[in-house]
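Engineer: Have a peek at input_8.cif (mmCIF, C-alpha atoms and all ligand atoms).
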```
data_final
loop_
_atom_site.label_atom_id
_atom_site.label_comp_id
_atom_site.auth_asym_id
_atom_site.auth_seq_id
_atom_site.Cartn_x
_atom_site.Cartn_y
_atom_site.Cartn_z
CA MET A 150 25.88 -1.37 41.06
CA THR A 151 22.24 -2.27 40.47
CA THR A 152 20.08 -0.15 38.25
CA ASP A 153 16.88 -2.07 39.04
CA PHE A 154 13.87 -0.11 40.16
CA PRO A 155 11.58 -2.94 41.41
CA LEU A 156 7.85 -2.23 41.25
CA PHE A 157 5.68 -2.18 44.38
CA ARG A 158 2.30 -1.73 42.76
CA THR A 159 -0.34 0.47 44.37
CA THR A 160 -3.37 -1.30 45.81
CA LYS A 161 -5.50 1.78 45.08
CA PRO A 162 -5.05 2.70 41.39
CA THR A 163 -7.14 5.52 39.97
CA PRO A 164 -10.40 4.01 38.66
CA GLU A 165 -10.34 3.56 34.90
CA ALA A 166 -13.28 5.91 34.27
CA GLU A 167 -11.62 8.68 36.29
CA ARG A 168 -8.32 8.18 34.46
CA GLU A 169 -10.07 8.31 31.07
CA ASN A 170 -11.76 11.57 32.09
CA ILE A 171 -8.40 13.06 33.01
CA LEU A 172 -6.78 11.87 29.78
CA ALA A 173 -9.59 13.48 27.77
CA ALA A 174 -8.41 16.96 28.91
CA PRO A 175 -5.20 16.68 30.94
CA GLY A 176 -4.06 20.34 30.76
CA PHE A 177 -0.49 20.65 32.02
CA GLY A 178 0.86 19.52 35.39
CA GLN A 179 -2.49 19.10 37.10
CA TYR A 180 -2.88 15.33 37.37
CA PHE A 181 -0.45 12.64 38.40
CA THR A 182 -0.19 8.94 37.73
CA ASP A 183 -0.45 6.16 40.30
CA HIS A 184 3.26 5.57 40.87
CA MET A 185 6.56 7.33 41.42
CA ALA A 186 10.21 6.31 41.22
CA SER A 187 12.55 7.01 44.11
CA ALA A 188 16.03 6.36 45.44
CA VAL A 189 18.07 7.78 48.31
CA TRP A 190 21.77 8.69 48.35
CA THR A 191 23.97 9.10 51.38
CA SER A 192 27.60 10.14 51.34
CA ALA A 193 28.37 6.96 53.31
CA ASP A 194 26.53 4.38 51.17
CA GLY A 195 25.85 5.96 47.77
CA TRP A 196 22.53 5.27 46.00
CA GLN A 197 20.14 2.81 47.66
CA ASP A 198 16.43 1.99 48.01
CA ARG A 199 15.69 2.27 44.30
CA LYS A 200 12.05 1.50 43.69
CA ILE A 201 8.83 2.27 41.88
CA GLY A 202 6.11 2.63 44.50
CA PRO A 203 2.68 4.17 44.92
CA LEU A 204 2.58 7.96 44.42
CA GLU A 205 2.68 9.40 47.92
CA PRO A 206 3.76 12.56 49.78
CA PHE A 207 7.32 12.83 51.08
CA SER A 208 7.79 13.07 54.79
CA LEU A 209 10.42 15.79 55.34
CA HIS A 210 11.94 17.04 58.55
CA PRO A 211 11.43 20.83 58.78
CA SER A 212 15.20 21.28 58.67
CA ALA A 213 15.64 19.31 55.42
CA ALA A 214 18.29 21.34 53.61
CA VAL A 215 16.27 21.80 50.41
CA LEU A 216 13.65 23.80 52.35
CA HIS A 217 16.28 26.32 53.40
CA TYR A 218 18.97 26.49 50.73
CA GLY A 219 17.14 25.21 47.66
CA GLN A 220 19.65 22.51 46.72
CA GLU A 221 17.46 20.94 44.03
CA ILE A 222 17.52 20.08 40.31
CA PHE A 223 14.98 18.66 37.89
CA GLU A 224 14.37 17.52 34.33
CA GLY A 225 11.42 17.37 31.95
CA LEU A 226 10.86 14.81 29.19
CA LYS A 227 7.90 13.02 27.65
CA ALA A 228 6.65 9.55 26.73
CA TYR A 229 4.70 9.36 23.45
CA ARG A 230 2.18 6.75 22.36
CA HIS A 231 2.54 5.86 18.69
CA ALA A 232 -0.37 4.88 16.44
CA ASP A 233 0.42 1.15 16.91
CA GLY A 234 0.09 1.55 20.70
CA SER A 235 3.84 1.38 21.42
CA VAL A 236 5.35 3.91 23.87
CA TRP A 237 8.57 5.83 23.28
CA LEU A 238 10.84 8.38 24.96
CA PHE A 239 12.49 11.21 23.01
CA ARG A 240 16.23 11.70 23.59
CA PRO A 241 16.14 10.65 27.27
CA GLU A 242 19.93 10.24 27.29
CA ALA A 243 20.24 14.00 26.63
CA ASN A 244 18.12 14.68 29.72
CA ALA A 245 20.23 12.24 31.73
CA ARG A 246 23.43 14.02 30.72
CA ARG A 247 21.97 17.45 31.51
CA PHE A 248 20.75 16.14 34.88
CA ALA A 249 24.32 15.10 35.61
CA ARG A 250 25.63 18.57 34.66
CA SER A 251 22.97 20.24 36.82
CA ALA A 252 23.89 17.93 39.73
CA GLU A 253 27.53 18.93 39.43
CA ARG A 254 26.65 22.64 39.48
CA LEU A 255 24.40 22.25 42.53
CA ALA A 256 26.90 20.03 44.38
CA LEU A 257 24.46 17.10 44.29
CA PRO A 258 25.58 13.49 43.72
CA GLN A 259 25.80 12.02 40.23
CA LEU A 260 23.06 9.61 39.19
CA SER A 261 24.25 7.32 36.40
CA VAL A 262 22.64 7.55 32.96
CA GLU A 263 21.61 3.89 33.48
CA ASP A 264 19.80 4.68 36.75
CA PHE A 265 18.15 7.74 35.20
CA LEU A 266 16.87 5.71 32.24
CA ALA A 267 15.84 2.70 34.34
CA SER A 268 13.82 4.84 36.76
CA ILE A 269 11.95 6.50 33.90
CA GLU A 270 11.36 3.39 31.85
CA GLU A 271 10.12 1.38 34.85
CA LEU A 272 7.78 4.19 35.88
CA VAL A 273 6.36 4.45 32.35
CA ARG A 274 5.87 0.65 32.30
CA ALA A 275 4.06 0.76 35.66
CA ASP A 276 1.81 3.61 34.53
CA GLU A 277 1.40 2.64 30.87
CA PRO A 278 -2.39 3.23 30.82
CA TRP A 279 -1.65 6.89 31.63
CA VAL A 280 0.16 7.52 28.34
CA PRO A 281 -2.47 9.38 26.30
CA VAL A 282 -3.59 8.48 22.82
CA SER A 283 -2.70 11.76 21.15
CA THR A 284 -4.89 13.84 18.90
CA GLY A 285 -2.32 16.65 18.81
CA GLU A 286 0.60 16.78 21.23
CA GLU A 287 -0.74 14.87 24.28
CA SER A 288 1.91 12.81 26.03
CA LEU A 289 3.02 11.66 29.47
CA TYR A 290 5.26 14.35 30.97
CA LEU A 291 8.00 12.91 33.18
CA ARG A 292 9.59 14.96 35.91
CA PRO A 293 12.80 13.53 37.43
CA PHE A 294 14.13 15.60 40.35
CA MET A 295 16.71 15.43 43.11
CA PHE A 296 16.87 17.35 46.37
CA ALA A 297 18.82 17.72 49.59
CA SER A 298 16.86 15.73 52.19
CA GLU A 299 19.49 15.78 54.93
CA VAL A 300 18.30 17.00 58.32
CA PHE A 301 20.89 19.72 58.88
CA LEU A 302 20.95 23.52 58.91
CA GLY A 303 24.64 24.01 58.20
CA VAL A 304 25.44 25.36 54.75
CA ARG A 305 27.31 22.68 52.80
CA PRO A 306 26.40 20.05 50.19
CA ALA A 307 23.89 17.67 51.75
CA ALA A 308 25.07 14.24 52.84
CA GLN A 309 21.60 12.77 52.16
CA VAL A 310 19.76 13.34 48.90
CA THR A 311 16.48 12.03 47.49
CA TYR A 312 15.87 11.28 43.80
CA SER A 313 12.39 10.82 42.41
CA VAL A 314 10.41 10.75 39.17
CA ILE A 315 6.74 11.60 38.91
CA ALA A 316 4.56 11.51 35.79
CA SER A 317 1.73 13.72 34.62
CA PRO A 318 -0.41 13.38 31.50
CA ALA A 319 0.02 16.56 29.49
CA GLY A 320 -1.71 18.53 26.78
CA PRO A 321 -0.51 21.94 25.50
CA PHE A 322 1.51 24.01 27.99
CA PHE A 323 -0.10 27.26 26.83
CA ALA A 324 -3.88 27.64 26.63
CA SER A 325 -3.41 29.67 23.43
CA GLY A 326 -1.66 26.62 21.90
CA ILE A 327 -0.30 27.18 18.42
CA GLU A 328 -1.94 30.59 18.03
CA GLY A 329 1.15 31.92 19.73
CA VAL A 330 2.22 33.76 22.85
CA THR A 331 3.24 37.31 23.67
CA LEU A 332 6.38 38.16 25.61
CA TRP A 333 7.21 40.87 28.12
CA ILE A 334 10.86 41.90 27.64
CA SER A 335 11.98 42.58 31.18
CA SER A 336 14.28 45.51 31.81
CA LYS A 337 13.93 44.98 35.57
CA PHE A 338 14.85 41.32 36.10
CA THR A 339 17.56 39.10 34.66
CA ARG A 340 17.71 35.35 34.84
CA SER A 341 21.37 34.57 35.18
CA ALA A 342 24.91 35.88 35.03
CA LYS A 343 28.22 34.35 33.94
CA GLY A 344 29.33 31.87 36.58
CA GLY A 345 25.78 31.60 37.97
CA THR A 346 23.34 28.72 37.67
CA GLY A 347 21.73 29.78 34.36
CA GLU A 348 22.82 26.63 32.52
CA ALA A 349 21.62 24.31 35.29
CA LYS A 350 18.03 23.12 35.53
CA CYS A 351 17.55 23.96 39.19
CA GLY A 352 14.42 25.02 41.02
CA GLY A 353 16.10 28.23 42.14
CA ASN A 354 16.22 29.56 38.58
CA TYR A 355 12.47 29.10 38.29
CA ALA A 356 11.78 30.55 41.76
CA ALA A 357 13.68 33.67 40.75
CA SER A 358 11.67 33.91 37.52
CA LEU A 359 8.26 34.16 39.16
CA ALA A 360 8.29 37.89 39.95
CA ALA A 361 9.20 38.55 36.31
CA GLN A 362 6.37 36.25 35.25
CA VAL A 363 3.94 38.26 37.41
CA ASP A 364 5.23 41.43 35.72
CA ALA A 365 4.65 39.87 32.31
CA LYS A 366 1.05 39.01 33.21
CA GLN A 367 0.46 42.52 34.55
CA HIS A 368 1.54 43.83 31.16
CA GLY A 369 -0.88 41.49 29.42
CA CYS A 370 1.79 39.04 28.20
CA ASP A 371 1.95 35.27 28.50
CA GLN A 372 5.61 34.98 29.43
CA VAL A 373 8.74 36.95 30.16
CA MET A 374 11.75 37.30 27.81
CA TYR A 375 15.04 37.87 29.58
CA LEU A 376 17.95 39.99 28.44
CA ASP A 377 21.52 39.28 29.56
CA SER A 378 22.70 40.58 32.92
CA ALA A 379 25.91 42.17 31.59
CA GLY A 380 23.97 45.04 30.02
CA ASP A 381 24.66 44.04 26.40
CA ASN A 382 20.90 43.93 25.70
CA THR A 383 21.14 40.46 24.17
CA LEU A 384 18.25 37.99 24.28
CA GLU A 385 18.69 35.08 26.68
CA GLU A 386 15.63 32.87 26.98
CA SER A 387 12.02 32.98 28.06
CA GLY A 388 10.76 31.83 31.47
CA THR A 389 10.31 28.19 30.48
CA MET A 390 11.79 27.84 27.00
CA ASN A 391 14.54 28.81 24.53
CA VAL A 392 13.95 31.35 21.76
CA CYS A 393 14.63 30.97 18.01
CA LEU A 394 14.30 33.46 15.15
CA ILE A 395 13.76 32.84 11.45
CA THR A 396 15.22 35.37 9.04
CA ALA A 397 14.10 36.27 5.53
CA ASP A 398 17.40 34.92 4.16
CA GLY A 399 16.67 31.44 5.57
CA ARG A 400 18.50 31.30 8.88
CA LEU A 401 17.34 29.77 12.14
CA VAL A 402 19.09 31.87 14.79
CA THR A 403 19.19 31.20 18.52
CA PRO A 404 21.23 32.73 21.38
CA ALA A 405 24.55 30.99 22.01
CA LEU A 406 25.00 28.87 25.14
CA GLY A 407 26.74 30.19 28.21
CA THR A 408 24.13 31.45 30.64
CA ILE A 409 21.00 29.86 29.18
CA LEU A 410 19.53 26.38 29.54
CA GLU A 411 20.92 23.92 26.99
CA GLY A 412 17.46 22.88 25.84
CA VAL A 413 16.96 19.44 24.28
CA THR A 414 14.31 20.91 21.95
CA ARG A 415 16.69 23.80 21.17
CA ASP A 416 19.33 21.29 20.07
CA THR A 417 16.68 19.32 18.18
CA VAL A 418 15.60 22.30 16.05
CA LEU A 419 19.21 23.28 15.36
CA THR A 420 19.84 19.72 14.13
CA LEU A 421 16.63 19.65 12.06
CA ALA A 422 17.01 23.14 10.54
CA GLY A 423 18.55 21.76 7.33
CA ASP A 424 15.48 19.57 6.74
CA LEU A 425 13.49 22.82 6.31
CA ASP A 426 16.25 24.42 4.18
CA LEU A 427 17.25 26.67 7.06
CA VAL A 428 20.82 27.39 8.14
CA PRO A 429 21.27 27.03 11.94
CA GLU A 430 23.15 29.81 13.69
CA GLU A 431 24.02 30.23 17.39
CA ARG A 432 25.10 33.77 18.23
CA PRO A 433 24.21 36.77 20.39
CA ILE A 434 21.01 38.54 19.28
CA THR A 435 20.52 42.06 20.56
CA LEU A 436 17.14 43.51 21.39
CA GLY A 437 18.00 46.26 18.89
CA GLU A 438 18.40 43.65 16.14
CA LEU A 439 15.11 41.98 17.06
CA ARG A 440 13.22 45.28 17.05
CA SER A 441 14.72 46.76 13.87
CA ARG A 442 14.57 43.50 11.89
CA ALA A 443 11.01 42.77 13.04
CA ALA A 444 10.15 46.29 11.78
CA ASP A 445 11.85 45.92 8.38
CA GLY A 446 10.54 42.37 7.94
CA SER A 447 13.93 40.63 7.79
CA ILE A 448 13.07 38.66 10.93
CA THR A 449 9.98 36.86 9.76
CA GLU A 450 9.20 34.49 12.64
CA VAL A 451 10.08 33.89 16.28
CA PHE A 452 9.29 30.73 18.21
CA ALA A 453 9.87 29.11 21.58
CA ALA A 454 11.41 25.66 21.93
CA GLY A 455 10.99 23.53 25.03
CA THR A 456 9.85 20.10 26.16
CA ALA A 457 6.67 21.42 27.72
CA ALA A 458 6.12 24.15 25.12
CA VAL A 459 7.20 21.95 22.16
CA ILE A 460 7.40 24.63 19.44
CA THR A 461 5.23 27.62 20.29
CA PRO A 462 5.01 30.70 18.05
CA MET A 463 6.06 33.97 19.69
CA VAL A 464 3.91 36.51 17.90
CA GLY A 465 4.28 39.75 19.84
CA PHE A 466 6.67 41.53 22.22
CA LYS A 467 6.26 44.38 24.70
CA GLY A 468 8.75 46.24 26.84
CA GLU A 469 8.88 49.54 28.77
CA GLY A 470 7.42 52.07 26.31
CA TYR A 471 7.33 49.92 23.16
CA GLU A 472 5.60 46.98 21.56
CA PHE A 473 5.82 45.20 18.24
CA THR A 474 4.60 42.11 16.45
CA ILE A 475 6.51 39.61 14.36
CA GLY A 476 5.19 39.63 10.80
CA ASP A 477 1.42 40.07 10.94
CA GLY A 478 1.24 38.65 14.48
CA THR A 479 0.21 35.17 13.40
CA PRO A 480 2.28 31.94 13.50
CA GLY A 481 4.82 31.67 10.69
CA LYS A 482 5.09 28.83 8.17
CA HIS A 483 8.57 27.66 9.24
CA THR A 484 7.48 27.62 12.88
CA LEU A 485 4.48 25.45 12.08
CA ALA A 486 6.54 23.22 9.78
CA MET A 487 9.22 22.75 12.46
CA ARG A 488 6.54 21.97 15.04
CA GLU A 489 5.03 19.30 12.77
CA HIS A 490 8.46 17.89 11.95
CA VAL A 491 9.40 17.52 15.63
CA LEU A 492 6.00 16.04 16.55
CA ASP A 493 6.16 13.67 13.55
CA ILE A 494 9.46 12.27 14.85
CA GLN A 495 8.20 12.08 18.44
CA PHE A 496 4.98 10.31 17.42
CA GLY A 497 6.73 7.98 14.97
CA ARG A 498 5.09 9.38 11.85
CA THR A 499 8.39 10.01 10.10
CA GLU A 500 11.77 8.33 10.00
CA ASP A 501 13.89 8.80 13.13
CA LYS A 502 17.12 9.52 11.23
CA HIS A 503 19.05 10.60 14.32
CA GLY A 504 18.16 7.60 16.51
CA TRP A 505 16.43 9.86 19.03
CA MET A 506 13.51 7.62 19.95
CA ARG A 507 13.85 4.96 22.66
CA ARG A 508 11.14 2.32 22.89
CA VAL A 509 9.77 1.54 26.35
CA LEU A 510 6.75 -0.64 25.55
C1 LIG A 601 10.15 21.67 30.37
O1 LIG A 601 9.90 22.17 29.27
O2 LIG A 601 10.26 20.45 30.53
C2 LIG A 601 10.35 22.51 31.54
O3 LIG A 601 10.98 22.07 32.45
C3 LIG A 601 9.72 23.84 31.55
C4 LIG A 601 8.78 24.11 32.66
C5 LIG A 601 7.55 23.29 32.69
C6 LIG A 601 9.45 24.33 33.96
#
```
Output the file's structure in the form of structure tokens.
Ligand code: COI
Structural biologist:
Amino acid sequence: MTTDFPLFRTTKPTPEAERENILAAPGFGQYFTDHMASAVWTSADGWQDRKIGPLEPFSLHPSAAVLHYGQEIFEGLKAYRHADGSVWLFRPEANARRFARSAERLALPQLSVEDFLASIEELVRADEPWVPVSTGEESLYLRPFMFASEVFLGVRPAAQVTYSVIASPAGPFFASGIEGVTLWISSKFTRSAKGGTGEAKCGGNYAASLAAQVDAKQHGCDQVMYLDSAGDNTLEESGTMNVCLITADGRLVTPALGTILEGVTRDTVLTLAGDLDLVPEERPITLGELRSRAADGSITEVFAAGTAAVITPMVGFKGEGYEFTIGDGTPGKHTLAMREHVLDIQFGRTEDKHGWMRRVL
């Protein structure tokens, strides 16, 4: 089976001056590069039509199954330009494996790790000038996704599926950046239940999170924090990222897997905890523990971990009838140190002891 994604270069690339303007202040998810990767799967023929072509709209029949039943998954990862101009991916194999797990859960076809990596690497090569020179955390955000494109209204796994990767130059996900974000602890909405799709990275999870996100904004918060759906009042994750706590006795604690997204950055900080003399711990964390230990100072810091969010301090929480800050409401020293450590690895400023970086150019 071929894993080649041949390049059909656009004849109308974005003019250099316009691209440089965009790269000077990319924001998040607002601008897109000149090309996209794509491939089509059918139950009869498997994966075909792999290519890198000009970025262009899809033409979808109104009955395409994804528009009705939401059979869709996606990933998020980044390409980083190092000081010597070279371009690298961070742990793309982990995204490939998670994509495969999400595909299984959503009854979508498996895309091989080789195809996943080839599509991304070829797209980054085609759009190399779009990888920002970073002054902080700027990178090229890559968004692989797969959806049911079969023209059919019956409810069953689609017999035709489209895979694609688009790329978007990215700065900080939150406007407040490293000053930190505030979280609305929802007692109205949950994100997932045992046996549901909580561990999969599927569009449906994010669609279902939007009403909670609106609620969070109405309460003056940046994001929502979910509790479990079983009524145990344990922390799950935030709308777009995993949550980690730092305790006064030197632990880095994060909710155990089961119904939450198995974040690549989550796994990264658990692996790197020892470098900051922290002991990693995965276990249930109740809201009661968070509130009482934030009050007595034995939880000293809370932060979010995610590809888009990198490491973002979580400085304050609100829920129905209560609110509290973590420490003095400013980013903690371990949070900032972990953020620097992760970015140093991603931007090649420190040794890549775990073999996480994969060179593209
Ligand atoms: C990511 O961090 O890559 C995400 O997918 C979160 C969000 C932008 C949906």
Engineer: Which distance in Å separates CA of Ala249 (chain A) and CA of Glu411 (chain A), to one decimal?
Structural biologist: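 Result for CA of Ala249 (chain A) versus CA of Glu411 (chain A): 12.8 Å, one decimal.
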Engineer: Measuring between only C-alpha atoms and all ligand atoms, which one of A:Glu430, A:Glu165, A:Asp264, A:Glu224 shows the shortest distance to ligand LIG 601 (chain A)?
Structural biologist: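 The answer is A:Glu224, which sits nearest to ligand LIG 601 (chain A).
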Engineer: Could you pull the residues within 7 Å of Ala267 (chain A), counting all atoms listed in the file, minus those fewer than 2 positions along the same chain, as a list in words?
Structural biologist: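 These residues fall inside the cut-off: Thr152, Asp153, Phe154, Glu263, Asp264, Phe265, Ile269, Glu270 and Glu271 of chain A.
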Engineer: Quick one, how far is CA of Ala275 (chain A) from CA of Asp183 (chain A)?
Structural biologist: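 Value for the CA of Ala275 (chain A)-CA of Asp183 (chain A) distance: 8.4 Å.
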Engineer: What residues of the protein or nucleic acid chains come within 12 Å of ligand LIG 601 (chain A) when you use all atoms listed in the file? Reply as a ChimeraX atom specification.
Structural biologist: /A:177-179,222-227,241,244,247-248,289-294,316-317,319-323,349-356,358-359,372,386-391,410-415,453-461
Engineer: For the residues selected in the previous step, produce a file with C-alpha atoms as a PDB file, keeping the file's coordinate frame.
Structural biologist:
```
ATOM      1  CA  PHE A 177      -0.490  20.650  32.020  1.00  0.00           C
ATOM      2  CA  GLY A 178       0.860  19.520  35.390  1.00  0.00           C
ATOM      3  CA  GLN A 179      -2.490  19.100  37.100  1.00  0.00           C
ATOM      4  CA  ILE A 222      17.520  20.080  40.310  1.00  0.00           C
ATOM      5  CA  PHE A 223      14.980  18.660  37.890  1.00  0.00           C
ATOM      6  CA  GLU A 224      14.370  17.520  34.330  1.00  0.00           C
ATOM      7  CA  GLY A 225      11.420  17.370  31.950  1.00  0.00           C
ATOM      8  CA  LEU A 226      10.860  14.810  29.190  1.00  0.00           C
ATOM      9  CA  LYS A 227       7.900  13.020  27.650  1.00  0.00           C
ATOM     10  CA  PRO A 241      16.140  10.650  27.270  1.00  0.00           C
ATOM     11  CA  ASN A 244      18.120  14.680  29.720  1.00  0.00           C
ATOM     12  CA  ARG A 247      21.970  17.450  31.510  1.00  0.00           C
ATOM     13  CA  PHE A 248      20.750  16.140  34.880  1.00  0.00           C
ATOM     14  CA  LEU A 289       3.020  11.660  29.470  1.00  0.00           C
ATOM     15  CA  TYR A 290       5.260  14.350  30.970  1.00  0.00           C
ATOM     16  CA  LEU A 291       8.000  12.910  33.180  1.00  0.00           C
ATOM     17  CA  ARG A 292       9.590  14.960  35.910  1.00  0.00           C
ATOM     18  CA  PRO A 293      12.800  13.530  37.430  1.00  0.00           C
ATOM     19  CA  PHE A 294      14.130  15.600  40.350  1.00  0.00           C
ATOM     20  CA  ALA A 316       4.560  11.510  35.790  1.00  0.00           C
ATOM     21  CA  SER A 317       1.730  13.720  34.620  1.00  0.00           C
ATOM     22  CA  ALA A 319       0.020  16.560  29.490  1.00  0.00           C
ATOM     23  CA  GLY A 320      -1.710  18.530  26.780  1.00  0.00           C
ATOM     24  CA  PRO A 321      -0.510  21.940  25.500  1.00  0.00           C
ATOM     25  CA  PHE A 322       1.510  24.010  27.990  1.00  0.00           C
ATOM     26  CA  PHE A 323      -0.100  27.260  26.830  1.00  0.00           C
ATOM     27  CA  ALA A 349      21.620  24.310  35.290  1.00  0.00           C
ATOM     28  CA  LYS A 350      18.030  23.120  35.530  1.00  0.00           C
ATOM     29  CA  CYS A 351      17.550  23.960  39.190  1.00  0.00           C
ATOM     30  CA  GLY A 352      14.420  25.020  41.020  1.00  0.00           C
ATOM     31  CA  GLY A 353      16.100  28.230  42.140  1.00  0.00           C
ATOM     32  CA  ASN A 354      16.220  29.560  38.580  1.00  0.00           C
ATOM     33  CA  TYR A 355      12.470  29.100  38.290  1.00  0.00           C
ATOM     34  CA  ALA A 356      11.780  30.550  41.760  1.00  0.00           C
ATOM     35  CA  SER A 358      11.670  33.910  37.520  1.00  0.00           C
ATOM     36  CA  LEU A 359       8.260  34.160  39.160  1.00  0.00           C
ATOM     37  CA  GLN A 372       5.610  34.980  29.430  1.00  0.00           C
ATOM     38  CA  GLU A 386      15.630  32.870  26.980  1.00  0.00           C
ATOM     39  CA  SER A 387      12.020  32.980  28.060  1.00  0.00           C
ATOM     40  CA  GLY A 388      10.760  31.830  31.470  1.00  0.00           C
ATOM     41  CA  THR A 389      10.310  28.190  30.480  1.00  0.00           C
ATOM     42  CA  MET A 390      11.790  27.840  27.000  1.00  0.00           C
ATOM     43  CA  ASN A 391      14.540  28.810  24.530  1.00  0.00           C
ATOM     44  CA  LEU A 410      19.530  26.380  29.540  1.00  0.00           C
ATOM     45  CA  GLU A 411      20.920  23.920  26.990  1.00  0.00           C
ATOM     46  CA  GLY A 412      17.460  22.880  25.840  1.00  0.00           C
ATOM     47  CA  VAL A 413      16.960  19.440  24.280  1.00  0.00           C
ATOM     48  CA  THR A 414      14.310  20.910  21.950  1.00  0.00           C
ATOM     49  CA  ARG A 415      16.690  23.800  21.170  1.00  0.00           C
ATOM     50  CA  ALA A 453       9.870  29.110  21.580  1.00  0.00           C
ATOM     51  CA  ALA A 454      11.410  25.660  21.930  1.00  0.00           C
ATOM     52  CA  GLY A 455      10.990  23.530  25.030  1.00  0.00           C
ATOM     53  CA  THR A 456       9.850  20.100  26.160  1.00  0.00           C
ATOM     54  CA  ALA A 457       6.670  21.420  27.720  1.00  0.00           C
ATOM     55  CA  ALA A 458       6.120  24.150  25.120  1.00  0.00           C
ATOM     56  CA  VAL A 459       7.200  21.950  22.160  1.00  0.00           C
ATOM     57  CA  ILE A 460       7.400  24.630  19.440  1.00  0.00           C
ATOM     58  CA  THR A 461       5.230  27.620  20.290  1.00  0.00           C
TER      59      THR A 461
END
```
Engineer: My list of candidates is A:Thr484, A:Thr417, A:Thr435, A:Thr474. Which is closest to Thr331 (chain A) when distances are computed with all atoms listed in the file?
Structural biologist: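 Smallest distance to Thr331 (chain A) is found for A:Thr474.
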Engineer: To one decimal place in Å, what is the distance between CA of Asn170 (chain A) and CA of Arg230 (chain A)?
Structural biologist: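 If I compute the distance from CA of Asn170 (chain A) to CA of Arg230 (chain A), I get 17.7 Å.
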Engineer: For Glu450 (chain A), which of A:Thr163, A:Thr182, A:Gln362, A:Thr396 is the closest residue, counting only C-alpha atoms?
Structural biologist: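 Of A:Thr163, A:Thr182, A:Gln362, A:Thr396, the one nearest Glu450 (chain A), counting only C-alpha atoms, is A:Thr396.
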Engineer: For the point (11.5, 0.1, 45.5) in file coordinates, what residues are within 9 Å, counting only C-alpha atoms? Give the answer as an mmCIF file with C-alpha atoms, in the coordinates of the input?
Structural biologist:
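selection.cif was written with the following content:
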```cif
data_model
loop_
_atom_site.group_PDB
_atom_site.id
_atom_site.type_symbol
_atom_site.label_atom_id
_atom_site.label_comp_id
_atom_site.auth_asym_id
_atom_site.auth_seq_id
_atom_site.Cartn_x
_atom_site.Cartn_y
_atom_site.Cartn_z
ATOM 1 C CA ASP A 153 16.880 -2.070 39.040
ATOM 2 C CA PHE A 154 13.870 -0.110 40.160
ATOM 3 C CA PRO A 155 11.580 -2.940 41.410
ATOM 4 C CA LEU A 156 7.850 -2.230 41.250
ATOM 5 C CA PHE A 157 5.680 -2.180 44.380
ATOM 6 C CA ALA A 186 10.210 6.310 41.220
ATOM 7 C CA SER A 187 12.550 7.010 44.110
ATOM 8 C CA ALA A 188 16.030 6.360 45.440
ATOM 9 C CA ASP A 198 16.430 1.990 48.010
ATOM 10 C CA ARG A 199 15.690 2.270 44.300
ATOM 11 C CA LYS A 200 12.050 1.500 43.690
ATOM 12 C CA ILE A 201 8.830 2.270 41.880
ATOM 13 C CA GLY A 202 6.110 2.630 44.500
#
```
Engineer: Between A:Leu257, A:Leu427, A:Val280, A:Ala214, which has the minimum distance to Ser235 (chain A) (counting all atoms listed in the file)?
Structural biologist: A:Val280
Engineer: Looking at all atoms listed in the file, which of A:Gly437, A:Gly344, A:Pro462, A:Pro429 is the one that sits closest to Leu485 (chain A)?
Structural biologist: A:Pro462
Engineer: With N, CA and C atoms as the target, complete region 158-167 of chain A and hand it back as a compact mmCIF listing (two decimals), in the frame of the given file.
Structural biologist:
```txt
# COMPACT_ATOMS: atom_id res chain seq x y z
N ARG A 158 3.49 -2.31 43.40
CA ARG A 158 2.30 -1.73 42.76
C ARG A 158 1.31 -1.21 43.79
N THR A 159 0.66 -0.08 43.48
CA THR A 159 -0.34 0.47 44.37
C THR A 159 -1.54 -0.48 44.48
N THR A 160 -2.15 -0.50 45.66
CA THR A 160 -3.37 -1.30 45.81
C THR A 160 -4.60 -0.44 45.54
N LYS A 161 -4.36 0.88 45.31
CA LYS A 161 -5.50 1.78 45.08
C LYS A 161 -5.30 2.59 43.80
N PRO A 162 -5.24 1.94 42.63
CA PRO A 162 -5.05 2.70 41.39
C PRO A 162 -6.26 3.59 41.11
N THR A 163 -6.04 4.65 40.38
CA THR A 163 -7.14 5.52 39.97
C THR A 163 -8.14 4.70 39.15
N PRO A 164 -9.43 4.77 39.46
CA PRO A 164 -10.40 4.01 38.66
C PRO A 164 -10.31 4.38 37.18
N GLU A 165 -10.53 3.37 36.33
CA GLU A 165 -10.34 3.56 34.90
C GLU A 165 -11.17 4.74 34.35
N ALA A 166 -12.42 4.85 34.81
CA ALA A 166 -13.28 5.91 34.27
C ALA A 166 -12.73 7.28 34.63
N GLU A 167 -12.20 7.39 35.85
CA GLU A 167 -11.62 8.68 36.29
C GLU A 167 -10.36 9.00 35.46
```
